[in-house]
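What follows is coords_22.cif (mmCIF, C-alpha atoms).
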```cif
data_entry
loop_
_atom_site.label_atom_id
_atom_site.label_comp_id
_atom_site.auth_asym_id
_atom_site.auth_seq_id
_atom_site.Cartn_x
_atom_site.Cartn_y
_atom_site.Cartn_z
CA MET A 1 18.18 -41.65 -12.99
CA ASP A 2 19.34 -40.56 -16.46
CA PHE A 3 21.83 -37.74 -16.67
CA ASN A 4 24.65 -36.66 -18.92
CA VAL A 5 27.93 -37.13 -17.09
CA ARG A 6 29.85 -35.02 -19.58
CA LYS A 7 27.42 -32.11 -19.25
CA LEU A 8 27.48 -32.46 -15.48
CA ALA A 9 31.26 -32.31 -15.48
CA ALA A 10 31.26 -29.30 -17.81
CA ASP A 11 28.76 -27.45 -15.60
CA ALA A 12 30.82 -28.24 -12.53
CA GLY A 13 33.92 -26.91 -14.26
CA ILE A 14 32.13 -23.67 -15.20
CA PHE A 15 30.84 -23.25 -11.65
CA PHE A 16 34.32 -23.84 -10.22
CA SER A 17 35.85 -21.36 -12.68
CA ARG A 18 33.30 -18.71 -11.69
CA ALA A 19 33.88 -19.36 -8.00
CA VAL A 20 37.63 -18.98 -8.42
CA GLN A 21 37.22 -15.77 -10.42
CA PHE A 22 34.79 -14.32 -7.87
CA THR A 23 37.08 -15.19 -4.95
CA GLU A 24 40.15 -13.71 -6.61
CA GLU A 25 38.20 -10.51 -7.37
CA ARG A 26 37.21 -10.25 -3.73
CA LEU A 27 40.83 -10.72 -2.69
CA GLY A 28 42.03 -8.19 -5.25
CA GLN A 29 44.02 -10.78 -7.17
CA ALA A 30 42.06 -10.62 -10.44
CA GLU A 31 40.76 -7.89 -12.71
CA LYS A 32 37.04 -7.21 -13.01
CA THR A 33 35.18 -5.94 -16.06
CA GLU A 34 33.41 -2.75 -15.00
CA LEU A 35 30.06 -1.72 -16.45
CA ASP A 36 29.67 1.74 -17.95
CA ALA A 37 28.35 4.61 -15.82
CA HIS A 38 24.94 4.66 -17.55
CA PHE A 39 24.45 0.96 -16.88
CA GLU A 40 25.41 1.41 -13.23
CA ASN A 41 22.89 4.23 -12.91
CA LEU A 42 20.20 1.98 -14.37
CA LEU A 43 21.07 -0.73 -11.85
CA SER A 44 20.96 1.73 -8.95
CA ARG A 45 17.64 3.15 -10.12
CA ALA A 46 16.14 -0.33 -10.45
CA ASP A 47 17.26 -1.32 -6.95
CA CYS A 48 15.83 1.92 -5.53
CA THR A 49 12.53 1.31 -7.32
CA LYS A 50 12.29 -2.23 -6.01
CA ASN A 51 13.10 -1.30 -2.41
CA TRP A 52 10.65 1.60 -2.16
CA THR A 53 7.92 -0.21 -4.07
CA GLU A 54 8.18 -3.08 -1.62
CA LYS A 55 8.00 -0.74 1.39
CA ILE A 56 5.03 1.19 -0.05
CA TYR A 57 3.25 -2.05 -0.88
CA ARG A 58 3.73 -3.52 2.60
CA GLN A 59 2.67 -0.35 4.39
CA THR A 60 -0.37 0.11 2.15
CA GLU A 61 -1.42 -3.41 3.10
CA VAL A 62 -1.14 -2.42 6.76
CA VAL A 63 -3.21 0.73 6.20
CA LEU A 64 -5.94 -1.10 4.32
CA GLN A 65 -5.97 -4.13 6.62
CA PRO A 66 -4.49 -3.39 10.09
CA ASN A 67 -5.29 -6.91 11.33
CA PRO A 68 -2.17 -9.07 10.74
CA GLY A 69 -4.19 -12.26 11.14
CA ALA A 70 -6.53 -11.22 8.34
CA ARG A 71 -3.53 -10.35 6.14
CA ILE A 72 -2.01 -13.79 6.73
CA GLU A 73 -5.33 -15.44 5.92
CA GLU A 74 -5.64 -13.49 2.67
CA PHE A 75 -2.03 -14.39 1.79
CA LEU A 76 -2.70 -18.11 2.31
CA TYR A 77 -5.88 -18.02 0.23
CA GLU A 78 -3.97 -16.25 -2.52
CA LYS A 79 -1.16 -18.82 -2.50
CA LEU A 80 -3.71 -21.64 -2.56
CA ASP A 81 -5.41 -19.91 -5.50
CA ARG A 82 -8.72 -19.80 -3.64
CA LYS A 83 -11.20 -16.98 -3.29
CA VAL A 84 -11.11 -15.13 0.01
CA PRO A 85 -14.45 -15.59 1.82
CA PRO A 86 -16.40 -12.36 2.36
CA ARG A 87 -15.62 -10.77 5.70
CA PRO A 88 -17.80 -8.00 7.22
CA THR A 89 -15.97 -4.81 8.10
CA ASN A 90 -15.77 -3.57 11.68
CA GLY A 91 -18.23 -0.81 10.86
CA GLU A 92 -20.77 -3.27 9.53
CA ILE A 93 -20.41 -5.46 12.62
CA LEU A 94 -20.83 -2.46 14.93
CA GLY A 95 -23.89 -1.30 13.01
CA GLN A 96 -25.45 -4.76 13.25
CA PHE A 97 -24.87 -4.86 17.02
CA MET A 98 -26.52 -1.44 17.41
CA LEU A 99 -29.56 -2.48 15.39
CA GLU A 100 -29.96 -5.66 17.44
CA ALA A 101 -29.60 -3.66 20.65
CA ALA A 102 -32.28 -1.22 19.46
CA LYS A 103 -34.71 -4.12 19.05
CA GLU A 104 -34.06 -5.19 22.64
CA PHE A 105 -34.37 -1.70 24.13
CA GLY A 106 -37.36 -0.78 21.98
CA PRO A 107 -37.15 1.18 18.74
CA GLY A 108 -39.71 3.65 20.10
CA THR A 109 -37.51 4.76 22.99
CA PRO A 110 -35.11 7.71 22.56
CA TYR A 111 -32.11 5.44 23.07
CA GLY A 112 -33.45 2.75 20.77
CA SER A 113 -34.32 5.16 17.97
CA THR A 114 -30.87 6.76 18.27
CA LEU A 115 -29.21 3.33 18.09
CA ILE A 116 -31.11 2.64 14.89
CA LYS A 117 -29.94 5.89 13.30
CA VAL A 118 -26.30 5.44 14.37
CA GLY A 119 -26.29 1.73 13.54
CA ASP A 120 -27.61 2.37 10.06
CA CYS A 121 -24.92 5.02 9.56
CA GLN A 122 -22.22 2.61 10.77
CA ARG A 123 -23.40 -0.03 8.33
CA ARG A 124 -23.21 2.45 5.47
CA LEU A 125 -19.72 3.49 6.59
CA GLY A 126 -18.71 -0.17 6.69
CA GLY A 127 -20.10 -0.73 3.19
CA ALA A 128 -18.17 2.28 1.90
CA GLU A 129 -15.02 0.92 3.56
CA ARG A 130 -15.50 -2.46 1.91
CA GLU A 131 -15.84 -0.86 -1.51
CA PHE A 132 -12.78 1.32 -0.84
CA LEU A 133 -10.67 -1.69 0.16
CA GLN A 134 -11.68 -3.67 -2.92
CA THR A 135 -11.09 -0.80 -5.32
CA SER A 136 -7.75 0.15 -3.74
CA SER A 137 -6.54 -3.42 -3.91
CA ILE A 138 -7.34 -3.67 -7.61
CA SER A 139 -6.18 -0.23 -8.70
CA PHE A 140 -3.07 0.18 -6.53
CA LEU A 141 -1.88 -2.94 -4.69
CA THR A 142 -2.24 -5.33 -7.62
CA PRO A 143 0.04 -3.33 -10.00
CA LEU A 144 2.70 -3.03 -7.28
CA ARG A 145 2.53 -6.74 -6.54
CA ASN A 146 2.68 -7.58 -10.25
CA PHE A 147 5.89 -5.56 -10.54
CA LEU A 148 7.51 -7.21 -7.53
CA GLU A 149 6.48 -10.75 -8.45
CA GLY A 150 6.75 -10.42 -12.22
CA ASP A 151 8.91 -7.71 -13.75
CA TRP A 152 11.40 -7.55 -10.90
CA ARG A 153 11.92 -11.32 -10.85
CA THR A 154 12.66 -11.22 -14.57
CA ILE A 155 15.12 -8.37 -14.07
CA SER A 156 16.82 -10.18 -11.19
CA LYS A 157 17.14 -13.36 -13.25
CA GLU A 158 18.73 -11.52 -16.16
CA ARG A 159 21.07 -9.64 -13.81
CA ARG A 160 22.28 -12.90 -12.29
CA LEU A 161 22.83 -14.29 -15.78
CA LEU A 162 24.76 -11.13 -16.71
CA GLU A 163 26.95 -11.52 -13.64
CA ASN A 164 27.72 -15.12 -14.64
CA ARG A 165 28.61 -13.97 -18.16
CA ARG A 166 30.90 -11.35 -16.70
CA LEU A 167 32.66 -13.90 -14.51
CA ASP A 168 33.11 -16.17 -17.53
CA LEU A 169 34.52 -13.28 -19.56
CA ASP A 170 36.97 -12.25 -16.84
CA ALA A 171 38.06 -15.88 -16.37
CA CYS A 172 38.71 -16.11 -20.11
CA LYS A 173 40.71 -12.88 -19.96
CA ALA A 174 42.79 -14.31 -17.13
CA ARG A 175 43.46 -17.52 -19.06
CA LEU A 176 44.38 -15.54 -22.17
CA LYS A 177 46.78 -13.39 -20.20
CA LYS A 178 48.34 -16.48 -18.67
CA ALA A 179 48.67 -18.14 -22.09
CA LYS A 180 50.35 -15.06 -23.58
CA THR A 181 52.85 -14.94 -20.74
CA ALA A 182 53.69 -18.64 -21.08
CA GLU A 183 53.92 -18.41 -24.86
CA ALA A 184 56.37 -15.50 -24.57
CA LYS A 185 58.54 -17.46 -22.20
CA ALA A 186 58.49 -20.50 -24.48
CA ALA A 187 59.41 -18.39 -27.50
CA ALA A 188 62.55 -17.06 -25.78
CA VAL A 189 65.52 -19.34 -26.92
CA PRO A 190 68.38 -19.72 -24.41
CA ASP A 191 72.04 -19.54 -25.49
CA PHE A 192 72.74 -23.21 -24.93
CA GLN A 193 70.02 -24.41 -27.28
CA GLU A 194 72.41 -24.40 -30.27
CA THR A 195 74.85 -26.77 -28.51
CA ARG A 196 72.02 -28.90 -27.14
CA PRO A 197 69.62 -29.79 -29.96
CA ARG A 198 67.39 -31.82 -27.63
CA ASN A 199 66.63 -28.79 -25.48
CA TYR A 200 65.89 -26.79 -28.60
CA VAL A 201 63.41 -29.39 -29.82
CA LEU A 202 61.69 -29.44 -26.45
CA SER A 203 61.49 -25.64 -26.39
CA ALA A 204 60.00 -25.53 -29.87
CA SER A 205 57.44 -28.17 -28.93
CA ALA A 206 56.43 -26.22 -25.83
CA SER A 207 56.12 -23.04 -27.85
CA ALA A 208 53.82 -24.78 -30.29
CA LEU A 209 51.67 -26.09 -27.44
CA TRP A 210 51.36 -22.64 -25.92
CA ASN A 211 50.54 -21.17 -29.34
CA GLU A 212 47.70 -23.65 -29.58
CA GLU A 213 46.58 -22.82 -26.03
CA LEU A 214 46.74 -19.13 -26.88
CA ASP A 215 44.53 -19.58 -29.94
CA LYS A 216 42.05 -21.56 -27.85
CA ALA A 217 42.01 -18.89 -25.11
CA GLU A 218 41.46 -16.13 -27.68
CA HIS A 219 38.56 -18.03 -29.21
CA GLU A 220 36.96 -18.65 -25.78
CA MET A 221 37.34 -14.99 -24.90
CA ARG A 222 35.66 -13.87 -28.15
CA VAL A 223 32.75 -16.21 -27.47
CA ALA A 224 32.50 -15.04 -23.84
CA GLN A 225 32.66 -11.39 -24.95
CA THR A 226 29.84 -11.96 -27.45
CA GLU A 227 27.65 -13.66 -24.85
CA PHE A 228 28.38 -10.94 -22.31
CA ASP A 229 27.51 -8.15 -24.77
CA ARG A 230 24.29 -9.88 -25.76
CA GLN A 231 23.24 -10.42 -22.14
CA ALA A 232 24.20 -6.84 -21.24
CA GLU A 233 21.92 -5.53 -23.98
CA VAL A 234 19.01 -7.68 -22.79
CA THR A 235 19.50 -6.52 -19.21
CA ARG A 236 19.86 -2.90 -20.30
CA LEU A 237 16.50 -3.00 -22.11
CA LEU A 238 14.80 -4.42 -19.03
CA LEU A 239 16.36 -1.80 -16.77
CA GLU A 240 15.33 1.01 -19.10
CA GLY A 241 11.77 -0.32 -18.79
CA ILE A 242 11.78 0.93 -15.19
CA SER A 243 10.76 4.33 -16.61
CA SER A 244 7.57 2.77 -17.96
CA THR A 245 7.03 1.17 -14.56
CA HIS A 246 7.22 4.59 -12.91
CA VAL A 247 4.64 5.96 -15.34
CA ASN A 248 2.31 3.04 -14.63
CA HIS A 249 2.73 3.37 -10.88
CA LEU A 250 2.10 7.12 -11.13
CA ARG A 251 -1.22 6.48 -12.82
CA CYS A 252 -2.14 3.87 -10.21
CA LEU A 253 -1.17 6.25 -7.42
CA CYS A 254 -3.46 8.96 -8.81
CA GLU A 255 -6.30 6.45 -9.01
CA PHE A 256 -5.65 5.44 -5.41
CA VAL A 257 -5.82 9.08 -4.29
CA GLU A 258 -9.09 9.57 -6.16
CA VAL A 259 -10.60 6.45 -4.61
CA GLN A 260 -9.40 7.49 -1.16
CA ALA A 261 -10.80 11.02 -1.56
CA MET A 262 -14.12 9.61 -2.74
CA TYR A 263 -14.24 7.26 0.25
CA TYR A 264 -13.53 9.97 2.81
CA SER A 265 -15.98 12.32 1.12
CA GLN A 266 -18.65 9.65 1.26
CA CYS A 267 -17.93 9.02 4.95
CA HIS A 268 -18.03 12.77 5.62
CA ASN A 269 -21.42 13.04 3.97
CA TYR A 270 -22.76 10.14 6.03
CA MET A 271 -21.50 11.71 9.25
CA GLN A 272 -22.83 15.13 8.34
CA GLU A 273 -26.22 13.60 7.71
CA LEU A 274 -26.06 11.83 11.07
CA GLN A 275 -24.84 14.97 12.79
CA ARG A 276 -27.79 16.93 11.47
CA GLU A 277 -30.01 14.38 13.18
CA LEU A 278 -28.12 13.89 16.39
CA GLY A 279 -25.29 16.44 16.65
CA SER A 280 -21.66 15.77 17.49
CA ARG A 281 -22.25 15.63 21.24
CA ALA A 282 -24.06 13.04 23.28
CA LEU A 283 -27.81 13.35 23.08
CA ILE A 284 -29.07 15.56 25.90
CA VAL A 285 -32.47 14.33 26.99
CA SER A 286 -34.56 16.59 29.18
CA PRO A 287 -36.13 14.89 32.20
CA PRO A 288 -39.79 14.01 31.73
CA PRO A 289 -42.37 16.05 33.67
CA THR A 290 -43.37 14.59 37.04
CA ASP A 291 -46.83 16.14 37.17
CA PRO A 292 -49.29 13.62 35.69
CA SER A 293 -51.58 16.46 34.67
CA THR A 294 -48.95 17.74 32.28
CA PHE A 295 -49.12 14.62 30.05
CA LEU A 296 -51.26 14.93 26.94
CA PRO A 297 -53.61 12.18 25.78
CA LEU A 298 -52.23 9.94 23.04
CA ASN A 299 -54.77 11.25 20.58
CA SER A 300 -54.15 14.94 21.37
CA PRO A 301 -52.23 17.13 18.91
CA SER A 302 -48.62 17.89 19.81
CA LEU A 303 -47.33 21.40 20.20
CA LEU A 304 -44.80 20.57 17.50
CA GLU A 305 -47.68 20.49 15.06
CA THR A 306 -48.45 24.17 15.68
CA ASP A 307 -47.50 26.84 13.21
CA ALA A 308 -45.36 29.93 13.80
CA LEU A 309 -48.19 31.96 15.33
CA GLN A 310 -48.95 29.28 17.94
CA ILE A 311 -45.25 28.98 18.88
CA GLU A 312 -45.43 32.56 20.08
CA GLU A 313 -48.28 31.57 22.41
CA VAL A 314 -46.23 28.90 24.19
CA GLN A 315 -45.51 29.87 27.79
CA PRO A 316 -42.70 28.63 30.07
CA PRO A 317 -43.77 25.79 32.38
CA ALA A 318 -44.29 26.28 36.06
CA SER A 319 -41.20 24.17 36.81
CA GLY A 320 -39.04 26.98 35.40
CA THR A 321 -36.51 27.49 32.64
CA ARG A 322 -32.80 26.77 32.08
CA LYS A 323 -29.90 28.65 30.55
CA ALA A 324 -28.06 27.04 27.66
CA LYS A 325 -24.92 27.86 25.67
CA VAL A 326 -25.09 27.42 21.90
CA LEU A 327 -22.36 25.09 20.65
CA TYR A 328 -22.77 25.48 16.87
CA ASP A 329 -24.44 27.82 14.41
CA TYR A 330 -27.90 26.68 13.42
CA ASP A 331 -30.12 28.07 10.68
CA ALA A 332 -33.85 27.75 11.27
CA GLY A 333 -35.54 25.30 8.93
CA ASP A 334 -38.91 27.07 9.09
CA SER A 335 -40.70 29.88 10.88
CA SER A 336 -41.36 27.73 13.95
CA GLU A 337 -37.62 27.33 14.67
CA LEU A 338 -35.11 29.77 16.14
CA SER A 339 -31.78 30.44 14.43
CA LEU A 340 -28.73 30.13 16.67
CA ARG A 341 -25.20 31.50 16.71
CA ALA A 342 -22.31 29.72 18.40
CA ASP A 343 -21.35 30.79 21.97
CA GLU A 344 -24.50 32.83 22.62
CA LEU A 345 -26.68 32.22 25.73
CA ILE A 346 -30.40 31.55 25.44
CA THR A 347 -33.23 30.45 27.72
CA VAL A 348 -34.71 27.03 27.06
CA TYR A 349 -37.51 24.87 28.39
CA THR A 350 -39.62 21.94 27.33
CA VAL A 351 -43.37 21.55 27.02
CA PRO A 352 -45.58 18.47 27.35
CA GLY A 353 -45.77 16.25 24.27
CA MET A 354 -42.71 17.80 22.68
CA ASP A 355 -40.10 15.63 20.92
CA SER A 356 -37.17 15.06 23.27
CA ASP A 357 -34.76 16.11 20.48
CA TRP A 358 -36.10 19.68 20.64
CA LEU A 359 -36.58 22.48 23.19
CA ILE A 360 -38.25 25.84 23.12
CA GLY A 361 -35.63 28.58 23.04
CA GLU A 362 -36.02 32.26 23.84
CA ARG A 363 -33.68 35.13 23.03
CA GLY A 364 -35.12 38.51 23.95
CA ASN A 365 -38.52 38.70 22.29
CA GLN A 366 -37.67 35.89 19.84
CA LYS A 367 -38.95 32.39 20.45
CA GLY A 368 -38.79 29.10 18.55
CA LYS A 369 -37.83 25.42 18.52
CA VAL A 370 -34.11 24.61 18.87
CA PRO A 371 -32.31 21.23 18.64
CA VAL A 372 -30.94 20.11 22.00
CA THR A 373 -27.80 18.65 20.40
CA TYR A 374 -26.65 22.17 19.53
CA LEU A 375 -26.84 23.25 23.18
CA GLU A 376 -24.95 22.85 26.42
CA LEU A 377 -27.33 23.14 29.36
CA LEU A 378 -25.83 25.31 32.07
CA SER A 379 -28.42 25.28 34.85
#
```
Using structure tokens, write down the structure that the file contains.
Amino acid sequence: MDFNVRKLAADAGIFFSRAVQFTEERLGQAEKTELDAHFENLLSRADCTKNWTEKIYRQTEVVLQPNPGARIEEFLYEKLDRKVPPRPTNGEILGQFMLEAAKEFGPGTPYGSTLIKVGDCQRRLGGAEREFLQTSSISFLTPLRNFLEGDWRTISKERRLLENRRLDLDACKARLKKAKTAEAKAAAVPDFQETRPRNYVLSASASALWNEELDKAEHEMRVAQTEFDRQAEVTRLLLEGISSTHVNHLRCLCEFVEVQAMYYSQCHNYMQELQRELGSRALIVSPPPTDPSTFLPLNSPSLLETDALQIEEVQPPASGTRKAKVLYDYDAGDSSELSLRADELITVYTVPGMDSDWLIGERGNQKGKVPVTYLELLS
């Protein structure tokens, strides 16, 4: 193994010098170069940005993907630089199960037809969720991750380098102070030096050595000061760039809100459409008539095909009528339907051949078709 022994020894000496300086600072036995207030504020702001960005990033991941196993899988694929295989959303899986169940129960049955409607809605909700997750990851999570794994790592590296430069500078200051003290002592000539020339020669020699050491310490301190100032400027520029990071994250946050609002609006529209077909309560199916004579032939016209004038001719069945409470306001779609107001009581009944989603409702002398999902049958 080839290596430079001299360089290795020099690096070890620098590391030891920094360790000694750091330890003495901790023990209060050495002076420490303090950064200016503006620089300290920049450091504090950068640390605050990093900490909160990391928390927001982690929690956003949890919101978008609550399954920790799926998050770990995506993390491993990302580290392996491989594409994450497509994974159906829970809504898409639920919709597929409902559609398959409808085939087993019969799409022509009330339950089967309802499963088809709800299953199709769930699949559309799942597709909207998939698009929301993909868009949110690109527009919001990716910029946050790029900051944490890119910009912040660069800032941390330069800050560590600045700290090393500061330790070197303070160590040089300590050596310079020590050299000045020793040089002053060597320059002081005792009274007996005139009677003892040998001692005088030794004192002069020591003074010269300390003068040389002092010059060397001053030179090292100037070099260390220059390197520290240069590194401080580089670090300052990076820390001031945090303002640009805030602007970028603000734009990404607004995009995330827009995507989220669009997703929830889309889901709301899907559910409103489904609610218009089924209502927000469980489907209330009226029991089928037990009298075989009440069934219409398959080729006979249904009463639902009658116009407004024929609706008025419909009479209550012999089996009787029921009272119902209106749950929601309903505006009649045509002249054959009856408009409803929430919390009012009406009389309802069914007629042979009528769609199970509808009943005939009466209020005073008004009569018309009403959707059963807007009613709560009382008797």
Within 12 Å of stretch 84-106 of chain A, which residues of stretch 4-75 of chain A show up? Give each one with its shortest atom-to-atom distance in Å (one decimal) and the two atoms involved, counting all atoms listed in the file, rows by chain then rising residue number, as a Markdown table.
```
| residue | atom | partner | partner_atom | distance |
| --- | --- | --- | --- | --- |
| A:Leu64 | CA | A:Thr89 | CA | 11.3 |
| A:Gln65 | CA | A:Thr89 | CA | 10.1 |
| A:Pro66 | CA | A:Asn90 | CA | 11.4 |
| A:Asn67 | CA | A:Asn90 | CA | 11.0 |
| A:Ala70 | CA | A:Arg87 | CA | 9.5 |
| A:Arg71 | CA | A:Val84 | CA | 10.9 |
| A:Ile72 | CA | A:Val84 | CA | 11.4 |
| A:Glu73 | CA | A:Val84 | CA | 8.3 |
| A:Glu74 | CA | A:Val84 | CA | 6.3 |
| A:Phe75 | CA | A:Val84 | CA | 9.3 |
```
Kindly export the residues of the current selection with C-alpha atoms, as a short mmCIF file (atom, residue, chain, number, x, y, z; two decimals), keeping the file's coordinate frame.
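Contents of result_17.cif, as written:
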```cif
data_model
loop_
_atom_site.label_atom_id
_atom_site.label_comp_id
_atom_site.auth_asym_id
_atom_site.auth_seq_id
_atom_site.Cartn_x
_atom_site.Cartn_y
_atom_site.Cartn_z
CA LEU A 64 -5.94 -1.10 4.32
CA GLN A 65 -5.97 -4.13 6.62
CA PRO A 66 -4.49 -3.39 10.09
CA ASN A 67 -5.29 -6.91 11.33
CA ALA A 70 -6.53 -11.22 8.34
CA ARG A 71 -3.53 -10.35 6.14
CA ILE A 72 -2.01 -13.79 6.73
CA GLU A 73 -5.33 -15.44 5.92
CA GLU A 74 -5.64 -13.49 2.67
CA PHE A 75 -2.03 -14.39 1.79
#
```
### Residue nearest A:Glu24 among A:Glu273, A:Ala217, A:Ala171, A:Arg251 (counting only C-alpha atoms)
A:Ala171
### Among the residues A:Val20, A:Ala37, A:Leu144, A:Leu162, the one that comes closest to A:Gln59 [using only C-alpha atoms]
A:Leu144
### Query
When distances are computed from all atoms listed in the file, which of A:Leu338, A:Leu238, A:Tyr263, A:Pro352 shows the smallest separation from A:Arg130?
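Of all the options, A:Tyr263 lies closest to A:Arg130.
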### Task
Pick out the residues sitting within 8 Å of A:Arg341, and hand them over as a PyMOL selection string; count all atoms listed in the file, and ignore anything fewer than 4 positions along from it in its own chain.
chain A and resi 326+328-330
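Between atom CA of A:Gly127 and atom CA of A:Met262 the interatomic distance comes to 13.3 Å.
Taking only C-alpha atoms, the non-local environment of A:Leu214 within 7 Å (same-chain residues fewer than 6 positions away omitted) comprises Leu176, Ala179 and Lys180 of chain A.
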Selection export as a short mmCIF file (atom, residue, chain, number, x, y, z; two decimals), in the coordinates of the input, atoms kept: C-alpha atoms:
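What ended up in selection_8.cif:
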```cif
data_model
loop_
_atom_site.label_atom_id
_atom_site.label_comp_id
_atom_site.auth_asym_id
_atom_site.auth_seq_id
_atom_site.Cartn_x
_atom_site.Cartn_y
_atom_site.Cartn_z
CA LEU A 176 44.38 -15.54 -22.17
CA ALA A 179 48.67 -18.14 -22.09
CA LYS A 180 50.35 -15.06 -23.58
#
```
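Reported to one decimal place, the separation of atom CA of A:Leu148 from atom CA of A:Leu35 is 24.9 Å.
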#### Entry: Residue neighbourhood stretch 222-236 of chain A, 9 Å, all atoms listed in the file, exclusion window fewer than 5 positions, as a list in words
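My list of contacting residues is Phe39, Leu42, Leu43, Ile155, Glu158, Arg159, Leu161, Leu162, Glu163, Asn164, Arg165, Arg166, Asp168, Leu169, Asp170, Cys172, Ala217 and Gly241 of chain A.
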### Task
Report the distance between atom CA of A:Trp358 and atom CA of A:Glu277 in Å, rounded to one decimal place.
11.0 Å
### Query
Which one of A:His38, A:Arg175, A:Lys157, A:Arg145 sits closest to A:Tyr57 if you count all atoms listed in the file?
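Of the candidates, the smallest distance to A:Tyr57 is held by A:Arg145.
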### Task
Point out the residue among A:Phe132, A:Ile242, A:Ser356, A:Val118 with the least atom-to-atom distance to A:Gln275, counting all atoms listed in the file.
A:Val118
### Task
Can you work out which one of A:Arg45, A:His249, A:His219, A:Lys178 has the shortest atom-to-atom distance to A:Leu141, counting only C-alpha atoms?
A:His249
### Task
Given the file shown, determine the residues that the PyMOL selection byres ((chain A and resi 323) around 6) selects; report them as a list in words.
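On this input, the PyMOL selection byres ((chain A and resi 323) around 6) captures Arg322, Ala324, Ile346, Thr347, Leu378 and Ser379 of chain A.
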